[in-house]
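The structure appears below as structure tokens.
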Amino acid sequence: MDVSYFSNAQRTIALIDVNNFYVSCERSFDPALKSHPVVVLSNNDGCIISRSNEAKALGIKMGEPWFKCQELVKKHKIKGLSSNYALYADMSNRVMTILSDFSPNQEIYSIDECFLDLTGFERKNILEYGQQMRNRILKWTGLPVCVGVGSTKTLAKLANHIAKKNTQFNGVCHLNQLREGELNRLFSELDVGEVWGVGRKLAIKLKALDIYTVLDLKQANSEYMRQQFSVVMEKIVHELNGTVCIELEEIVPPRKQILSSRSFGHSVRDFNSLAESISLYMSRAAEKLRSQQSLANIVQVYIRTSPFKLDEAQYGNGMTIPLPAPTDDTRQLVKVALWALKRLYKPNFNYAKAGVCLSDMIPRASAQFDLFASEQSNSRSTRLMSAMDCINAKMGRESIKLASEGFARPWKMKQGNKSPNYTTRWDQIPIASKN
DNA sequence: TATCGTATCACAC
DNA sequence: CTAACGGTGTGATACGATA
């Protein structure tokens with residue numbers, strides 16, 4: 001009987017995840033990095049956000065501030081690279097395109113992971129299929145990936161984790177092909193915190209209820225879990241037992257909020273520097289807004305000092321401004337943001353961060369014309385913005401911009417050790433050496 | 001009373 | 001040289017305000 005007639009038919013879902021993604025991208029273009037422990041740093045070279053296996057083995061922790069690791073760094077010659085998002089985004093596109101050939105149903109879940117629906121694929125070939133994915137991605141991009149397969153997204157995630165930690169799986173783990181005893185053994189050895197959706201706090205709360213391992217959680221009563229926690233936890237329990245509660249989302253819904261914020265390379269005290277940064281961030285946010293064909297109804301702006309500088313005076317404040325009419329016009333949005341900044345700004349503080357957020361969006365297609373603006377001015381705005389986006393797409397970011405975004409940018413972030421843009425800038429491709 | 005808006009929390013990557 | 005600690009997005013829940 002063909003079980004696929006039933007909506008609750010068992011599914012086969014794969015989760016493919018690049019190992020140590022950012023570090024692997026860097027290594028793919030600079031093989032010399034392969035012989036060193038390597039980490040990639042967040043903006044401003046602040047925190048560690050990707051680690052090679054060697055770095056993990058040395059005890060370098062995820063999210064750790066870089067300056068706090070300098071002892072270990074010197075001792076073991078750990079390389080710390082500034083993040084190069086243009087490179088990572090480009091590599092991500094390549095990986096996702098390759099994987100899209102393996103199934104008609106793909107959900108790109110994050111920059112380095114995607115789900116593929118393999119329901120109906122010949123069961124016994126799936127392990128081999130996973131190996132094909134790994135081989136092709138390695139050959140075409142130089143990136144190592146692992147493949148986890150299960151009957152729900154939550155199980156596929158776990159399978160991926162198991163494939164990464166246990167070398168005997170050779171990078172591909174299919175939970176539905178394990179014997180029940182073997183599955184239970186694996187689950188009983190996995191901390192409950194490894195489950196997708198169970199973070200630090202929930203893990204503590206679960207353990208207080210004697211739920212320590214993935215197996216414990218799988219065998220928990222879902223009703224009870226809902227009552228003790230939330231619907232989220234109830235769904236997790238069902239998913240661990242093979243019942244789909246979290247569907248594959250193939251079409252990416254438009255963002256509901258668009259945020260652009262950054263810490264400064266050095267703290268700033270003057271209004272003008274803040275105004276420049278706010279203008280720049282708003283320009284970025286507005287570009288994203290237009291690229292998803294939305295108009296925003298609400299603008300938020302905030303500034304704050306550094307919460308880590310305990311000896312300095314602290315101040316942080318934000319403002320939410322509802323717009324008279326939804327818009328995607330950079331000039332209008334910047335104007336509103338600067339208006340807000342004037343009211344938020346207080347002199348004599350060392351500001352460390354500023355940001356803007358656009359929200360309450362509507363699709364541009366459904367926009368009503370602003371009754372108080374002429375039709376002519378609306379279409380002029382649209383045409384100007386399209387022209388700006390076009391020029392910047394063709395000639396490179398910031399070929400054309402508002403003067404208020406600034407030129408000197410004393411607040412610009414630090415990137416002490418950034419790799420070249422190997423894949424997106426011709427002028428940064430290293431000349432091949434003869435060897 | 002039902003719903004709304006908003007702040008807060010938790011989580012992922 | 002010294003100081004130096006990310007950014008973006010989602011969903012659930014709690015709670016007072018509002019229609």
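Chain labels A, B, ... are given in the sequence in which chains occur in the structure tokens; within each chain residues are numbered consecutively from 1, and ligands are likewise numbered from 1 in the order shown.
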**Prompt:** Given a cut-off of 12 Å, which residues of chain B touch chain A, counting only C-alpha atoms (C1' of nucleotides), written out as an MDAnalysis selection string?
**Reply:** chainID B and resid 6 9:13
Dump as a short mmCIF file (atom, residue, chain, number, x, y, z; two decimals), in the first residue's frame, selection limited to C-alpha atoms (C1' of nucleotides):
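Wrote again-v2.cif, looks like this:
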```
data_model
loop_
_atom_site.label_atom_id
_atom_site.label_comp_id
_atom_site.auth_asym_id
_atom_site.auth_seq_id
_atom_site.Cartn_x
_atom_site.Cartn_y
_atom_site.Cartn_z
"C1'" DT B 6 4.09 46.08 24.12
"C1'" DC B 9 12.05 36.04 27.76
"C1'" DA B 10 14.02 32.17 25.35
"C1'" DC B 11 16.06 30.36 21.48
"C1'" DA B 12 18.72 29.68 17.06
"C1'" DC B 13 22.61 30.45 14.27
#
```
How close does chain C get to chain A? List, as a Markdown table, each residue of chain C within 12 Å, its nearest atom pair and the distance in Å to one decimal, counting only C-alpha atoms (C1' of nucleotides).
```
| residue | atom | partner | partner_atom | distance |
| --- | --- | --- | --- | --- |
| C:DT2 | C1' | A:Phe67 | CA | 12.0 |
| C:DA3 | C1' | A:Phe67 | CA | 9.3 |
| C:DA4 | C1' | A:Phe67 | CA | 6.2 |
| C:DC5 | C1' | A:Pro65 | CA | 5.2 |
| C:DG6 | C1' | A:Ser42 | CA | 5.4 |
| C:DG7 | C1' | A:Ser261 | CA | 7.2 |
| C:DT8 | C1' | A:Leu259 | CA | 6.7 |
| C:DG9 | C1' | A:Gln257 | CA | 7.7 |
| C:DT10 | C1' | A:Lys256 | CA | 9.2 |
| C:DG11 | C1' | A:Val232 | CA | 9.2 |
| C:DA12 | C1' | A:Ser230 | CA | 8.0 |
| C:DT13 | C1' | A:Ser230 | CA | 9.2 |
```
**Request:** Enumerate the residues of region 6-201 of chain A with a DSSP assignment of helix (DSSP H, G or I), computed from the backbone, and present them as a PyMOL selection string.
**Result:** chain A and resi 21-29+31-35+43-45+53-57+66-76+85-100+123-141+153-165+167-169+175-177+180-188+192-194+200-201
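For the pair CA of Gly80 (chain A) and CA of Val95 (chain A), the interatomic distance is 24.3 Å.
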**Request:** From a DSSP pass on the backbone, collect the residues of region 108-331 of chain A flagged as strand (DSSP E or B) and hand them back as a PyMOL selection string.
**Result:** chain A and resi 108-110+113-117+145-150+172-174+191+213+257-268+294-305+316-327
**Request:** Please measure the separation of CA of Glu405 (chain A) and CA of Trp426 (chain A), giving the value in Å to one decimal.
**Result:**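 These atoms are spaced 26.5 Å apart.
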Name the residues in contact with Phe271 (chain A) at a cut-off of 10 Å, using only C-alpha atoms (C1' of nucleotides), excluding same-chain residues fewer than 5 positions from it; report them as a tab-separated table (two decimals) with all heavy atoms, in the first residue's frame.
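Final file, result35.tsv:
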```
chain	number	residue	atom	x	y	z
A	276	GLU	N	25.63	60.05	11.63
A	276	GLU	CA	26.19	59.35	10.47
A	276	GLU	C	25.88	57.86	10.53
A	276	GLU	O	25.45	57.26	9.55
A	276	GLU	CB	27.71	59.51	10.44
A	276	GLU	CG	28.21	60.77	9.79
A	276	GLU	CD	29.74	60.76	9.67
A	276	GLU	OE1	30.35	59.69	9.85
A	276	GLU	OE2	30.29	61.84	9.41
A	341	LEU	N	16.69	60.64	16.80
A	341	LEU	CA	18.01	60.68	17.44
A	341	LEU	C	18.22	61.99	18.19
A	341	LEU	O	18.77	62.01	19.29
A	341	LEU	CB	19.11	60.49	16.38
A	341	LEU	CG	20.55	60.55	16.91
A	341	LEU	CD1	20.80	59.40	17.88
A	341	LEU	CD2	21.55	60.53	15.78
A	342	LYS	N	17.76	63.08	17.60
A	342	LYS	CA	17.91	64.39	18.26
A	342	LYS	C	17.26	64.38	19.63
A	342	LYS	O	17.74	65.01	20.56
A	342	LYS	CB	17.26	65.49	17.41
A	342	LYS	CG	18.25	66.17	16.48
A	342	LYS	CD	17.60	67.28	15.68
A	342	LYS	CE	18.34	67.43	14.35
A	342	LYS	NZ	17.44	67.68	13.22
A	345	TYR	N	19.42	61.84	22.04
A	345	TYR	CA	20.83	62.15	22.34
A	345	TYR	C	21.01	62.98	23.61
A	345	TYR	O	20.31	63.97	23.81
A	345	TYR	CB	21.44	62.89	21.16
A	345	TYR	CG	22.86	63.33	21.40
A	345	TYR	CD1	23.90	62.41	21.37
A	345	TYR	CD2	23.16	64.66	21.69
A	345	TYR	CE1	25.22	62.80	21.60
A	345	TYR	CE2	24.48	65.06	21.93
A	345	TYR	CZ	25.49	64.12	21.88
A	345	TYR	OH	26.78	64.52	22.11
A	346	LYS	N	21.94	62.53	24.43
A	346	LYS	CA	22.35	63.32	25.58
A	346	LYS	C	23.87	63.43	25.52
A	346	LYS	O	24.55	62.43	25.30
A	346	LYS	CB	21.94	62.64	26.89
A	346	LYS	CG	20.46	62.73	27.18
A	346	LYS	CD	20.19	62.71	28.68
A	346	LYS	CE	19.80	61.33	29.17
A	346	LYS	NZ	19.60	61.28	30.62
A	347	PRO	N	24.39	64.64	25.69
A	347	PRO	CA	25.84	64.81	25.61
A	347	PRO	C	26.56	64.17	26.79
A	347	PRO	O	25.93	63.80	27.78
A	347	PRO	CB	26.02	66.33	25.59
A	347	PRO	CG	24.79	66.86	26.24
A	347	PRO	CD	23.68	65.91	25.93
A	351	TYR	N	29.15	56.66	23.77
A	351	TYR	CA	28.23	55.74	23.09
A	351	TYR	C	29.00	54.61	22.42
A	351	TYR	O	30.03	54.83	21.80
A	351	TYR	CB	27.38	56.50	22.08
A	351	TYR	CG	26.42	57.46	22.74
A	351	TYR	CD1	26.72	58.81	22.85
A	351	TYR	CD2	25.24	56.98	23.30
A	351	TYR	CE1	25.85	59.68	23.49
A	351	TYR	CE2	24.36	57.85	23.94
A	351	TYR	CZ	24.68	59.20	24.03
A	351	TYR	OH	23.81	60.05	24.66
```
**Prompt:** Any idea what the distance is between CA of Thr330 (chain A) and CA of Lys288 (chain A)?
**Reply:** 10.8 Å
**Message:** Give me, as a PyMOL selection string, all polymer residues having an atom no more than 12 Å from DG16 (chain C), counting only C-alpha atoms (C1' of nucleotides) and skipping those fewer than 4 positions away in the same chain.
**Reply:** chain B and resi 4-7
Kindly save the residues from that selection, with N, CA, C and O atoms (P, O5', C5', C4', C3', O3' and C1' of nucleotides) included, as a short mmCIF file (atom, residue, chain, number, x, y, z; two decimals), in the first residue's frame.
```
data_model
loop_
_atom_site.label_atom_id
_atom_site.label_comp_id
_atom_site.auth_asym_id
_atom_site.auth_seq_id
_atom_site.Cartn_x
_atom_site.Cartn_y
_atom_site.Cartn_z
P DC B 4 -7.46 41.98 17.69
"O5'" DC B 4 -6.48 43.16 18.11
"C5'" DC B 4 -7.04 44.41 18.54
"C4'" DC B 4 -6.04 45.11 19.43
"C3'" DC B 4 -4.61 45.03 18.90
"O3'" DC B 4 -4.19 46.33 18.50
"C1'" DC B 4 -4.73 44.63 21.27
P DG B 5 -2.87 46.53 17.69
"O5'" DG B 5 -1.86 46.98 18.83
"C5'" DG B 5 -2.24 48.02 19.73
"C4'" DG B 5 -1.17 48.19 20.77
"C3'" DG B 5 0.25 48.10 20.22
"O3'" DG B 5 0.99 49.17 20.81
"C1'" DG B 5 -0.06 46.46 21.92
P DT B 6 2.46 49.44 20.40
"O5'" DT B 6 3.26 48.85 21.64
"C5'" DT B 6 2.80 49.14 22.97
"C4'" DT B 6 3.61 48.35 23.95
"C3'" DT B 6 5.06 48.13 23.52
"O3'" DT B 6 5.90 48.44 24.61
"C1'" DT B 6 4.09 46.08 24.12
P DA B 7 7.45 48.65 24.41
"O5'" DA B 7 8.01 47.89 25.69
"C5'" DA B 7 7.24 47.92 26.89
"C4'" DA B 7 7.58 46.70 27.71
"C3'" DA B 7 9.07 46.33 27.70
"O3'" DA B 7 9.46 46.02 29.03
"C1'" DA B 7 7.77 44.48 26.97
#
```
